[in-house]
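Peer 1: Got query05.cif for you, mmCIF, C-alpha atoms:
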```cif
data_protein
loop_
_atom_site.label_atom_id
_atom_site.label_comp_id
_atom_site.auth_asym_id
_atom_site.auth_seq_id
_atom_site.Cartn_x
_atom_site.Cartn_y
_atom_site.Cartn_z
CA MET A 1 -5.33 23.10 19.81
CA THR A 2 -2.76 20.32 19.52
CA ALA A 3 -5.01 18.58 16.99
CA GLY A 4 -5.18 21.81 14.97
CA ILE A 5 -1.38 22.07 14.85
CA LEU A 6 -1.20 18.43 13.79
CA ASP A 7 -3.73 18.97 10.99
CA VAL A 8 -2.03 22.11 9.69
CA GLY A 9 1.32 20.30 9.85
CA LEU A 10 -0.03 17.29 7.95
CA THR A 11 -1.56 19.51 5.27
CA GLY A 12 1.67 21.46 4.94
CA ILE A 13 3.78 18.31 4.63
CA ALA A 14 1.33 16.83 2.09
CA LEU A 15 1.49 19.98 -0.05
CA LEU A 16 5.28 20.10 0.20
CA LEU A 17 5.60 16.44 -0.80
CA ALA A 18 3.16 16.89 -3.69
CA TRP A 19 5.19 19.85 -4.91
CA ARG A 20 8.45 17.89 -4.64
CA THR A 21 6.84 14.94 -6.43
CA LEU A 22 5.78 17.07 -9.37
CA PHE A 23 8.72 19.41 -9.69
CA GLY A 24 11.71 17.26 -8.77
CA ASN A 25 14.45 16.91 -11.36
CA ASP A 26 15.02 13.27 -10.67
CA LEU A 27 12.30 10.74 -11.45
CA PHE A 28 13.47 8.33 -8.79
CA GLN A 29 13.27 11.04 -6.15
CA SER A 30 9.80 11.94 -7.36
CA ILE A 31 8.68 8.35 -6.84
CA VAL A 32 10.09 8.30 -3.31
CA TYR A 33 8.31 11.57 -2.58
CA PHE A 34 5.11 10.13 -4.05
CA VAL A 35 5.23 7.13 -1.71
CA ALA A 36 5.87 9.44 1.25
CA LEU A 37 2.95 11.58 0.08
CA GLY A 38 0.73 8.48 0.07
CA LEU A 39 1.62 7.74 3.68
CA VAL A 40 0.97 11.34 4.76
CA VAL A 41 -2.38 11.32 2.93
CA ALA A 42 -3.21 8.05 4.72
CA LEU A 43 -2.56 9.86 8.02
CA ALA A 44 -4.82 12.68 6.84
CA TRP A 45 -7.59 10.15 6.21
CA VAL A 46 -7.10 8.86 9.75
CA ARG A 47 -7.52 12.41 11.02
CA LEU A 48 -10.74 12.67 8.97
CA ASP A 49 -12.08 9.56 10.74
CA ALA A 50 -11.95 7.48 7.57
CA PRO A 51 -9.73 4.54 8.53
CA ASP A 52 -11.07 2.42 5.65
CA ILE A 53 -9.68 4.82 3.09
CA ALA A 54 -6.52 5.27 5.16
CA ILE A 55 -5.74 1.56 4.97
CA ALA A 56 -6.53 1.45 1.24
CA GLU A 57 -4.43 4.55 0.58
CA ALA A 58 -1.43 3.21 2.50
CA ALA A 59 -1.62 -0.26 0.92
CA ILE A 60 -2.64 0.59 -2.65
CA GLY A 61 -1.84 4.30 -3.05
CA ALA A 62 1.57 4.24 -1.43
CA GLY A 63 2.58 0.57 -1.47
CA MET A 64 1.41 -1.04 -4.70
CA THR A 65 1.45 2.13 -6.81
CA GLY A 66 4.93 2.88 -5.51
CA ALA A 67 6.10 -0.58 -6.56
CA LEU A 68 4.50 -0.15 -10.01
CA LEU A 69 6.13 3.27 -10.45
CA LEU A 70 9.54 1.88 -9.49
CA VAL A 71 9.16 -0.91 -12.04
CA THR A 72 8.21 1.67 -14.66
CA TRP A 73 11.22 3.77 -13.70
CA HIS A 74 13.49 0.78 -14.27
CA ARG A 75 11.93 0.15 -17.66
CA LEU A 76 12.37 3.79 -18.66
CA ASN A 77 16.02 3.65 -17.60
CA ASP A 78 16.69 0.54 -19.63
CA ALA A 79 14.95 1.86 -22.67
CA GLY A 80 17.17 4.93 -22.44
CA ASP A 81 14.20 7.27 -22.55
CA ASN A 82 14.91 10.74 -21.42
CA CYS A 83 12.08 12.37 -19.63
CA GLU A 84 11.26 15.64 -21.20
CA GLN A 85 11.03 18.61 -18.98
CA VAL A 86 7.39 19.63 -19.19
CA ALA A 87 7.64 22.82 -17.18
CA ASN A 88 6.89 26.01 -19.16
CA SER A 89 5.39 24.14 -22.09
CA PRO A 90 1.93 25.38 -23.20
CA ALA A 91 0.25 22.18 -22.02
CA PHE A 92 1.81 22.60 -18.61
CA ILE A 93 0.58 26.17 -18.28
CA ALA A 94 -2.91 25.07 -19.38
CA ILE A 95 -2.91 22.36 -16.70
CA ILE A 96 -1.82 24.83 -14.03
CA ALA A 97 -4.61 27.21 -15.11
CA LEU A 98 -7.19 24.42 -14.95
CA VAL A 99 -6.02 23.34 -11.52
CA LEU A 100 -6.19 26.93 -10.25
CA CYS A 101 -9.74 27.32 -11.62
CA LEU A 102 -10.79 24.07 -9.96
CA GLY A 103 -9.18 25.17 -6.70
CA ALA A 104 -11.00 28.52 -6.84
CA LEU A 105 -14.31 26.70 -7.46
CA LEU A 106 -13.71 24.41 -4.51
CA VAL A 107 -12.84 27.31 -2.21
CA SER A 108 -15.95 29.22 -3.30
CA ALA A 109 -18.01 26.07 -2.74
CA LEU A 110 -16.78 26.02 0.85
CA PHE A 111 -18.47 29.38 1.45
CA THR A 112 -21.59 29.08 -0.69
CA ALA A 113 -22.62 25.44 -0.37
CA VAL A 114 -25.65 24.64 1.73
CA PRO A 115 -24.56 22.83 4.88
CA SER A 116 -25.40 19.19 4.46
CA THR A 117 -24.91 16.14 6.57
CA GLY A 118 -24.90 13.94 3.48
CA LEU A 119 -26.68 10.64 3.74
CA ILE A 120 -25.56 9.82 7.27
CA GLY A 121 -29.14 9.68 8.58
CA GLU A 122 -30.49 7.48 5.81
CA ILE A 123 -27.55 5.09 6.06
CA ALA A 124 -27.85 4.82 9.85
CA GLN A 125 -31.55 4.09 9.41
CA GLU A 126 -31.00 1.34 6.83
CA LEU A 127 -27.89 -0.13 8.44
CA PRO A 128 -29.74 -2.86 10.41
CA ASN A 129 -31.06 -4.26 7.09
CA SER A 130 -27.71 -4.14 5.30
CA GLY A 131 -26.30 -7.35 6.79
CA VAL A 132 -23.17 -5.65 8.12
CA ILE A 133 -22.36 -3.22 10.93
CA ASN A 134 -19.63 -1.18 9.27
CA PRO A 135 -21.40 1.62 7.33
CA VAL A 136 -18.60 1.83 4.73
CA THR A 137 -18.99 -1.84 3.84
CA ALA A 138 -22.78 -1.39 3.84
CA VAL A 139 -22.47 1.37 1.23
CA LEU A 140 -19.84 -0.41 -0.86
CA LEU A 141 -21.45 -3.83 -0.99
CA ASN A 142 -25.11 -3.24 -0.39
CA PHE A 143 -26.48 0.26 -1.02
CA ARG A 144 -24.09 1.04 -3.88
CA SER A 145 -22.92 -2.47 -4.69
CA PHE A 146 -23.42 -1.95 -8.43
CA ASP A 147 -20.65 0.69 -8.35
CA THR A 148 -18.34 -1.80 -6.67
CA LEU A 149 -19.21 -4.44 -9.25
CA LEU A 150 -18.13 -2.00 -11.98
CA GLU A 151 -14.96 -1.20 -10.05
CA ILE A 152 -14.02 -4.87 -9.97
CA GLY A 153 -14.78 -4.91 -13.70
CA VAL A 154 -12.44 -1.97 -14.31
CA LEU A 155 -9.66 -3.76 -12.44
CA PHE A 156 -10.24 -6.86 -14.55
CA LEU A 157 -10.17 -4.88 -17.81
CA THR A 158 -6.95 -3.12 -16.73
CA LEU A 159 -5.23 -6.44 -16.27
CA VAL A 160 -6.53 -7.69 -19.63
CA ALA A 161 -5.12 -4.58 -21.32
CA VAL A 162 -1.75 -4.81 -19.58
CA ARG A 163 -1.48 -8.49 -20.44
CA ALA A 164 -2.31 -7.79 -24.06
CA LEU A 165 0.44 -5.17 -24.17
CA SER A 166 3.04 -7.44 -22.60
CA LEU A 167 2.10 -10.57 -24.49
CA GLY A 168 4.83 -13.14 -24.36
CA ASN A 169 6.49 -11.69 -21.28
CA SER A 170 4.06 -13.14 -18.85
CA GLU A 171 6.45 -15.74 -17.53
CA VAL A 172 9.26 -13.38 -16.61
CA HIS A 173 9.88 -12.82 -12.96
CA VAL A 174 12.61 -10.70 -11.55
CA THR A 175 14.37 -12.30 -8.69
CA LEU A 176 16.87 -10.97 -6.26
CA ALA A 177 19.86 -13.10 -5.48
CA ARG A 178 18.63 -15.69 -3.05
CA SER A 179 19.90 -15.33 0.45
CA ALA A 180 19.22 -16.90 3.82
CA VAL A 181 18.26 -13.57 5.37
CA LEU A 182 15.60 -12.82 2.79
CA THR A 183 14.13 -16.30 2.88
CA GLY A 184 14.17 -16.47 6.66
CA LEU A 185 12.49 -13.13 7.13
CA LEU A 186 9.90 -13.86 4.49
CA GLN A 187 9.06 -17.07 6.31
CA MET A 188 7.99 -14.87 9.18
CA VAL A 189 6.50 -11.94 7.26
CA VAL A 190 4.40 -13.82 4.70
CA PRO A 191 2.35 -15.94 7.15
CA MET A 192 1.73 -12.76 9.12
CA SER A 193 0.51 -11.02 5.95
CA ILE A 194 -1.86 -13.91 5.31
CA LEU A 195 -3.23 -13.54 8.83
CA ILE A 196 -3.56 -9.75 8.53
CA GLY A 197 -5.30 -10.04 5.15
CA ALA A 198 -7.77 -12.61 6.48
CA TYR A 199 -8.43 -10.41 9.50
CA LEU A 200 -9.02 -7.32 7.34
CA LEU A 201 -11.40 -9.27 5.12
CA TRP A 202 -13.37 -10.74 8.01
CA THR A 203 -13.48 -7.59 10.10
CA GLY A 204 -14.77 -5.54 7.15
CA ALA A 205 -18.31 -6.42 8.20
CA ASN A 206 -17.93 -4.74 11.59
CA THR A 207 -14.95 -2.39 11.56
CA PRO A 208 -12.74 -0.75 8.92
CA GLY A 209 -11.37 -3.26 6.44
CA GLY A 210 -12.70 -5.25 3.52
CA ALA A 211 -11.89 -6.78 0.16
CA PHE A 212 -9.71 -3.98 -1.24
CA GLN A 213 -7.57 -3.68 1.88
CA ALA A 214 -7.18 -7.43 2.26
CA GLY A 215 -6.44 -7.83 -1.45
CA ALA A 216 -3.74 -5.18 -1.28
CA VAL A 217 -2.06 -6.88 1.69
CA TYR A 218 -2.11 -10.22 -0.15
CA ALA A 219 -0.76 -8.59 -3.29
CA GLY A 220 2.11 -7.17 -1.22
CA ALA A 221 2.87 -10.64 0.13
CA LEU A 222 2.83 -12.08 -3.41
CA VAL A 223 5.19 -9.36 -4.64
CA LEU A 224 7.59 -10.11 -1.77
CA MET A 225 7.43 -13.82 -2.55
CA SER A 226 8.13 -13.24 -6.21
CA ILE A 227 11.08 -10.97 -5.41
CA ALA A 228 12.43 -13.75 -3.21
CA GLY A 229 12.16 -16.14 -6.13
CA SER A 230 9.17 -18.30 -5.36
CA ASP A 231 6.14 -18.24 -7.57
CA LEU A 232 3.27 -19.43 -5.43
CA LEU A 233 0.60 -19.22 -8.05
CA HIS A 234 0.17 -22.06 -10.40
CA ARG A 235 -0.81 -20.83 -13.83
CA ILE A 236 -4.23 -22.48 -13.99
CA TYR A 237 -5.21 -21.38 -10.52
CA ARG A 238 -4.01 -17.93 -11.44
CA GLU A 239 -6.36 -17.56 -14.40
CA PHE A 240 -9.14 -18.79 -12.18
CA MET A 241 -8.24 -16.35 -9.43
CA ILE A 242 -8.15 -13.38 -11.79
CA GLY A 243 -11.71 -13.96 -12.89
CA ILE A 244 -13.35 -15.20 -9.73
CA GLY A 245 -14.10 -11.76 -8.25
CA LEU A 246 -15.92 -10.42 -11.28
CA GLY A 247 -17.47 -13.83 -11.91
CA VAL A 248 -18.95 -14.29 -8.45
CA PHE A 249 -20.08 -10.66 -8.31
CA THR A 250 -21.81 -10.90 -11.69
CA LEU A 251 -23.37 -14.23 -10.79
CA ALA A 252 -24.69 -12.69 -7.57
CA ALA A 253 -26.12 -9.80 -9.58
CA ILE A 254 -27.93 -12.19 -11.95
CA MET A 255 -29.20 -14.45 -9.16
CA THR A 256 -30.50 -11.57 -7.07
CA TYR A 257 -32.14 -10.05 -10.14
CA PHE A 258 -34.15 -13.19 -10.76
CA SER A 259 -35.01 -13.78 -7.12
CA SER A 260 -35.85 -10.25 -6.00
CA GLY A 261 -36.22 -8.26 -9.21
CA HIS A 262 -33.37 -5.90 -8.33
CA ILE A 263 -29.76 -6.24 -9.36
CA LEU A 264 -27.84 -7.04 -6.17
CA GLY A 265 -31.00 -6.66 -4.09
CA TYR A 266 -30.09 -9.33 -1.57
CA PRO A 267 -32.92 -11.46 -0.12
CA ALA A 268 -34.02 -10.20 3.28
CA GLY A 269 -31.92 -11.52 6.12
CA GLN A 270 -29.25 -13.05 3.85
CA ALA A 271 -27.38 -9.88 2.92
CA GLY A 272 -24.48 -10.60 5.28
CA THR A 273 -23.75 -14.00 3.70
CA TRP A 274 -23.94 -12.64 0.15
CA ILE A 275 -21.62 -9.77 1.02
CA LEU A 276 -19.08 -12.09 2.65
CA ILE A 277 -18.98 -14.45 -0.35
CA ILE A 278 -18.60 -11.56 -2.80
CA GLU A 279 -15.88 -9.97 -0.66
CA ILE A 280 -13.83 -13.16 -0.41
CA ALA A 281 -13.94 -13.66 -4.19
CA ALA A 282 -13.19 -9.99 -4.84
CA ALA A 283 -10.22 -10.00 -2.43
CA VAL A 284 -8.68 -12.99 -4.26
CA SER A 285 -9.05 -11.27 -7.64
CA ILE A 286 -7.78 -7.92 -6.37
CA ALA A 287 -4.71 -9.58 -4.85
CA VAL A 288 -3.78 -11.54 -7.97
CA THR A 289 -4.55 -8.62 -10.31
CA LEU A 290 -2.41 -6.14 -8.37
CA TYR A 291 0.39 -8.68 -8.14
CA LEU A 292 0.28 -9.47 -11.86
CA LEU A 293 0.31 -5.78 -12.76
CA PHE A 294 3.61 -5.64 -10.88
CA ALA A 295 4.99 -8.92 -12.23
CA LEU A 296 4.12 -8.10 -15.84
CA GLY A 297 5.80 -4.73 -15.44
CA CYS A 298 9.02 -6.52 -14.53
CA GLY A 299 9.12 -7.96 -18.04
CA PRO A 300 12.04 -7.68 -20.44
CA GLY A 301 14.64 -4.99 -20.56
CA ARG A 302 16.23 -5.52 -17.19
CA GLU A 303 18.61 -8.33 -17.99
CA LYS A 304 21.06 -6.19 -19.93
CA LYS A 305 21.81 -3.84 -17.14
CA THR A 306 21.48 -5.64 -13.88
CA LYS A 307 22.90 -9.08 -14.41
CA GLY A 308 24.79 -9.17 -11.15
CA ALA A 309 21.99 -8.62 -8.75
CA LEU A 310 18.96 -9.67 -10.67
CA ARG A 311 18.33 -12.78 -12.57
CA HIS A 312 15.29 -14.07 -14.28
CA GLY A 313 13.68 -17.03 -12.69
CA HIS A 314 11.50 -19.51 -14.51
CA MET B 315 2.09 10.53 38.19
CA TRP B 316 5.19 8.34 38.00
CA ILE B 317 3.89 6.52 34.99
CA GLU B 318 3.35 9.81 33.17
CA LEU B 319 6.90 10.82 33.91
CA ILE B 320 8.14 7.50 32.48
CA ILE B 321 5.96 7.96 29.37
CA MET B 322 7.24 11.48 28.80
CA THR B 323 10.84 10.31 29.21
CA LEU B 324 10.29 7.49 26.71
CA TYR B 325 8.74 9.91 24.20
CA ILE B 326 11.58 12.38 24.52
CA VAL B 327 14.21 9.65 24.18
CA GLY B 328 12.32 8.26 21.17
CA ALA B 329 12.10 11.67 19.52
CA PHE B 330 15.81 12.21 20.17
CA PHE B 331 16.68 8.97 18.40
CA PHE B 332 14.43 9.84 15.46
CA ILE B 333 16.10 13.24 15.11
CA ALA B 334 19.58 11.74 15.47
CA GLY B 335 18.72 9.11 12.86
CA SER B 336 17.41 11.73 10.43
CA ILE B 337 20.54 13.85 10.85
CA GLY B 338 22.65 10.75 10.30
CA LEU B 339 20.68 9.91 7.18
CA LEU B 340 21.36 13.36 5.79
CA ARG B 341 24.95 13.80 6.90
CA PHE B 342 26.68 10.41 6.79
CA PRO B 343 29.08 9.87 3.89
CA ASP B 344 28.01 6.57 2.34
CA LEU B 345 25.08 4.19 2.05
CA TYR B 346 26.16 1.74 4.75
CA CYS B 347 26.60 4.50 7.35
CA ARG B 348 23.25 5.97 6.39
CA LEU B 349 21.54 2.61 6.71
CA HIS B 350 23.17 2.21 10.09
CA ALA B 351 21.87 5.59 11.24
CA LEU B 352 18.42 4.96 9.85
CA THR B 353 17.78 1.47 11.18
CA LYS B 354 19.37 1.83 14.60
CA ALA B 355 17.74 5.15 15.35
CA ASP B 356 14.46 4.15 13.75
CA ASN B 357 14.24 0.94 15.76
CA VAL B 358 15.20 2.43 19.11
CA GLY B 359 13.22 5.61 18.52
CA LEU B 360 10.10 3.76 17.48
CA GLY B 361 10.62 1.26 20.30
CA CYS B 362 10.66 4.00 22.93
CA ILE B 363 7.58 5.67 21.46
CA ALA B 364 5.79 2.31 21.12
CA ILE B 365 6.48 1.34 24.74
CA GLY B 366 5.50 4.84 25.88
CA THR B 367 2.23 4.62 23.94
CA ALA B 368 1.58 1.11 25.26
CA LEU B 369 1.94 2.43 28.82
CA HIS B 370 -0.19 5.44 27.93
CA VAL B 371 -3.03 3.25 26.63
CA GLY B 372 -3.05 1.46 29.98
CA GLU B 373 -5.04 -1.52 28.76
CA TRP B 374 -2.68 -4.49 28.53
CA LEU B 375 -4.15 -6.03 25.34
CA SER B 376 -3.92 -2.82 23.31
CA GLY B 377 -0.48 -2.19 24.75
CA LEU B 378 0.64 -5.64 23.66
CA LYS B 379 -0.65 -4.96 20.14
CA ILE B 380 1.41 -1.77 19.95
CA VAL B 381 4.53 -3.63 21.10
CA PHE B 382 3.85 -6.29 18.44
CA LEU B 383 3.62 -3.52 15.83
CA TRP B 384 7.08 -2.43 16.88
CA ILE B 385 8.43 -5.98 16.52
CA LEU B 386 6.86 -6.15 13.04
CA MET B 387 8.56 -2.87 12.14
CA LEU B 388 11.88 -4.24 13.43
CA MET B 389 11.56 -7.20 11.08
CA GLY B 390 10.45 -5.06 8.17
CA SER B 391 13.17 -2.48 8.47
CA SER B 392 15.93 -5.06 8.96
CA LEU B 393 14.76 -6.92 5.85
CA LEU B 394 14.60 -3.69 3.89
CA SER B 395 18.01 -2.42 4.90
CA PHE B 396 19.50 -5.83 4.15
CA LEU B 397 18.00 -5.74 0.65
CA ILE B 398 19.21 -2.20 0.01
CA ALA B 399 22.72 -3.01 1.21
CA GLN B 400 22.82 -6.23 -0.83
CA ARG B 401 21.73 -4.40 -3.95
CA PHE B 402 24.29 -1.67 -3.40
CA ASN B 403 27.00 -4.25 -2.80
CA HIS B 404 26.18 -5.97 -6.08
CA ARG B 405 26.31 -2.71 -7.92
CA LEU B 406 29.79 -2.07 -6.54
CA ASN B 407 31.03 -5.58 -7.42
CA PRO B 408 28.86 -6.70 -10.31
CA THR B 409 31.02 -9.75 -11.00
CA ALA B 410 30.75 -11.19 -7.51
CA GLU B 411 28.24 -13.97 -7.17
CA ALA B 412 25.62 -13.96 -4.49
CA PRO B 413 26.83 -15.73 -1.32
CA ASP B 414 24.69 -18.81 -1.66
CA GLN B 415 23.01 -19.84 -4.83
#
```
Would you write the structure of this file as structure tokens?
Peer 2:
Amino acid sequence: MTAGILDVGLTGIALLLAWRTLFGNDLFQSIVYFVALGLVVALAWVRLDAPDIAIAEAAIGAGMTGALLLVTWHRLNDAGDNCEQVANSPAFIAIIALVLCLGALLVSALFTAVPSTGLIGEIAQELPNSGVINPVTAVLLNFRSFDTLLEIGVLFLTLVAVRALSLGNSEVHVTLARSAVLTGLLQMVVPMSILIGAYLLWTGANTPGGAFQAGAVYAGALVLMSIAGSDLLHRIYREFMIGIGLGVFTLAAIMTYFSSGHILGYPAGQAGTWILIIEIAAAVSIAVTLYLLFALGCGPGREKKTKGALRHGH
Amino acid sequence: MWIELIIMTLYIVGAFFFIAGSIGLLRFPDLYCRLHALTKADNVGLGCIAIGTALHVGEWLSGLKIVFLWILMLMGSSLLSFLIAQRFNHRLNPTAEAPDQ
């Protein structure tokens, strides 16, 4: 009963926040609502017994995406772009119609679909051979590891595209005025983030966690560090770190293909080790990629307006 | 029995502080007052609920973890409100230099 009220409340709040995000007049407010929506959706994932996705949603969906949107908002402000009101335009009405059709299809699917337990049985049966205990990690890095390889590839390509678009700005970092409070608190928060990230990465084999969650936590720590004015990543290491995830994953795919005849078909009994190595490399790349997406977004255009509080380091 | 009473009291006090903080956030006149309402109420409110939950869990290790979460939140929210206030301050006096550079 109480759980039902909680679920209905969460759904209601999520819908309300989504509506406010889309139909607010002020872009900044919309971004704040979007971040709040991400946190509520993370809670919804917890209620659906999917803590892996909850952590990823909170860290990437709400945290990193929120930071990226705020950077974009700043850029739009500086460029003097006015956001056009899209409501009532033909495209907008077409989108609403499409969304309604999709919603109707989903609702009808609820009533007509054959009840299915999915692949729970098969996964539980194969889990002992997967090298890990957490079924989510087993699916992501063993049963469907090719999908994850492509995902890491997509992330890599995104960064390549963003870098190509912001060529020449790559060295710009936005820095808040240095202060003892910020530095002191970061000295406590950043080591803790490193510990939490390492824990999430390691525990991914047994309990919710893994490369994406750990990478997002590290990216958050890097963003905080860069805001505080210290650039941890040396350029050469950085290039190396961007590529290592995709590189190690691809190498693993090639090696397993030649040894077992299947792409990412790990040798029997060694799956756990392979998965751990791939996850460590992927977490490093995810962290640096997410951080650079943020840092590159903070490129030019800010210095005119915000000289007092912000200055460009480097 | 007694422990449940203590837990309930902590929850109610925590909820009260959350509500008071939210009202303050909505009603206070300027940014500094709002930050005051938000952080004070948030910290105390969350603290009460965290301690209540730690008692409710019963197991000392899990309880300790929940209390640590609260301490982490204390650090996070104080850092955040400091940054917001600093930024706002700079916007009001754009010519003033940062305190130590």
Peer 1: Of the residues B:Leu393, B:Ala334, B:Leu406, B:Ile365, which is the one nearest to chain A, using all atoms listed in the file?
Peer 2: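 Comparing B:Leu393, B:Ala334, B:Leu406, B:Ile365 against chain A, the winner is B:Leu393.
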Peer 1: Expand the PyMOL selection byres ((chain B and resi 402) around 12) into the explicit residue set it covers here, and present it as a list in words.
Peer 2: Thr306, Gly308 and Ala309 of chain A; Asp344, Leu345, Tyr346, Leu349, Ser395, Phe396, Leu397, Ile398, Ala399, Gln400, Arg401, Asn403, His404, Arg405, Leu406, Asn407 and Pro408 of chain B
Peer 1: Using the selection just defined, write its residues with C-alpha atoms as a PDB file, keeping the file's coordinate frame.
Peer 2:
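Written output follows (again-v2.pdb):
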```pdb
ATOM      1  CA  THR A 306      21.480  -5.640 -13.880  1.00  0.00           C
ATOM      2  CA  GLY A 308      24.790  -9.170 -11.150  1.00  0.00           C
ATOM      3  CA  ALA A 309      21.990  -8.620  -8.750  1.00  0.00           C
TER       4      ALA A 309
ATOM      5  CA  ASP B 344      28.010   6.570   2.340  1.00  0.00           C
ATOM      6  CA  LEU B 345      25.080   4.190   2.050  1.00  0.00           C
ATOM      7  CA  TYR B 346      26.160   1.740   4.750  1.00  0.00           C
ATOM      8  CA  LEU B 349      21.540   2.610   6.710  1.00  0.00           C
ATOM      9  CA  SER B 395      18.010  -2.420   4.900  1.00  0.00           C
ATOM     10  CA  PHE B 396      19.500  -5.830   4.150  1.00  0.00           C
ATOM     11  CA  LEU B 397      18.000  -5.740   0.650  1.00  0.00           C
ATOM     12  CA  ILE B 398      19.210  -2.200   0.010  1.00  0.00           C
ATOM     13  CA  ALA B 399      22.720  -3.010   1.210  1.00  0.00           C
ATOM     14  CA  GLN B 400      22.820  -6.230  -0.830  1.00  0.00           C
ATOM     15  CA  ARG B 401      21.730  -4.400  -3.950  1.00  0.00           C
ATOM     16  CA  ASN B 403      27.000  -4.250  -2.800  1.00  0.00           C
ATOM     17  CA  HIS B 404      26.180  -5.970  -6.080  1.00  0.00           C
ATOM     18  CA  ARG B 405      26.310  -2.710  -7.920  1.00  0.00           C
ATOM     19  CA  LEU B 406      29.790  -2.070  -6.540  1.00  0.00           C
ATOM     20  CA  ASN B 407      31.030  -5.580  -7.420  1.00  0.00           C
ATOM     21  CA  PRO B 408      28.860  -6.700 -10.310  1.00  0.00           C
TER      22      PRO B 408
END
```
Peer 1: State, in Å with one decimal place, the distance from CA of Met188 (chain A) to CA of Met387 (chain B).
Peer 2: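 One can read the CA of Met188 (chain A) to CA of Met387 (chain B) distance as 12.4 Å.
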Peer 1: Please indicate the distance in Å from CA of Leu140 (chain A) to CA of Leu119 (chain A), rounded to one decimal place.
Peer 2: 13.8 Å
Peer 1: At a cut-off of 12 Å from (-24.8, -13.5, -11.1) in the coordinates of the file, what residues are picked up using all atoms listed in the file, written as a list of chain:residue names?
Peer 2: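 Here the neighbourhood of the point contains A:Phe146, A:Leu149, A:Ile244, A:Gly245, A:Leu246, A:Gly247, A:Val248, A:Phe249, A:Thr250, A:Leu251, A:Ala252, A:Ala253, A:Ile254, A:Met255, A:Thr256, A:Tyr257, A:Phe258, A:Ser259, A:His262, A:Ile263, A:Leu264, A:Gly265, A:Tyr266, A:Trp274, A:Ile278.
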Peer 1: Given the file shown, determine the residues that the PyMOL selection byres ((chain A and resi 214) around 6) selects; report them as a list of chain:residue names.
Peer 2: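 What the PyMOL selection byres ((chain A and resi 214) around 6) grabs from the file is A:Gly197, A:Leu200, A:Leu201, A:Ala211, A:Phe212, A:Gln213, A:Gly215, A:Ala216, A:Val217.
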Peer 1: If I take CA of Ala282 (chain A) and CA of Leu150 (chain A), how far is one from the other in Å, to one decimal?
Peer 2: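 Spanning CA of Ala282 (chain A) to CA of Leu150 (chain A) is a straight-line distance of 11.8 Å.
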Peer 1: Output the residue selection produced by the PyMOL selection byres ((chain A and resi 43) around 12) on the file above, formatted as number ranges by chain.
Peer 2: A: 6-7, 9-11, 13-14, 36-42, 44-58, 62
Peer 1: Using all atoms listed in the file, determine which residues lie at most 10 Å from Leu186 (chain A), disregarding the query and same-chain residues fewer than 4 positions distant; provide the list as a tab-separated table (two decimals) with C-alpha atoms, in the coordinates of the input.
Peer 2:
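File selection.tsv, as written:
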```tsv
chain	number	residue	atom	x	y	z
A	180	ALA	CA	19.22	-16.90	3.82
A	181	VAL	CA	18.26	-13.57	5.37
A	182	LEU	CA	15.60	-12.82	2.79
A	190	VAL	CA	4.40	-13.82	4.70
A	191	PRO	CA	2.35	-15.94	7.15
A	192	MET	CA	1.73	-12.76	9.12
A	193	SER	CA	0.51	-11.02	5.95
A	221	ALA	CA	2.87	-10.64	0.13
A	224	LEU	CA	7.59	-10.11	-1.77
A	225	MET	CA	7.43	-13.82	-2.55
A	228	ALA	CA	12.43	-13.75	-3.21
B	389	MET	CA	11.56	-7.20	11.08
B	390	GLY	CA	10.45	-5.06	8.17
B	393	LEU	CA	14.76	-6.92	5.85
```
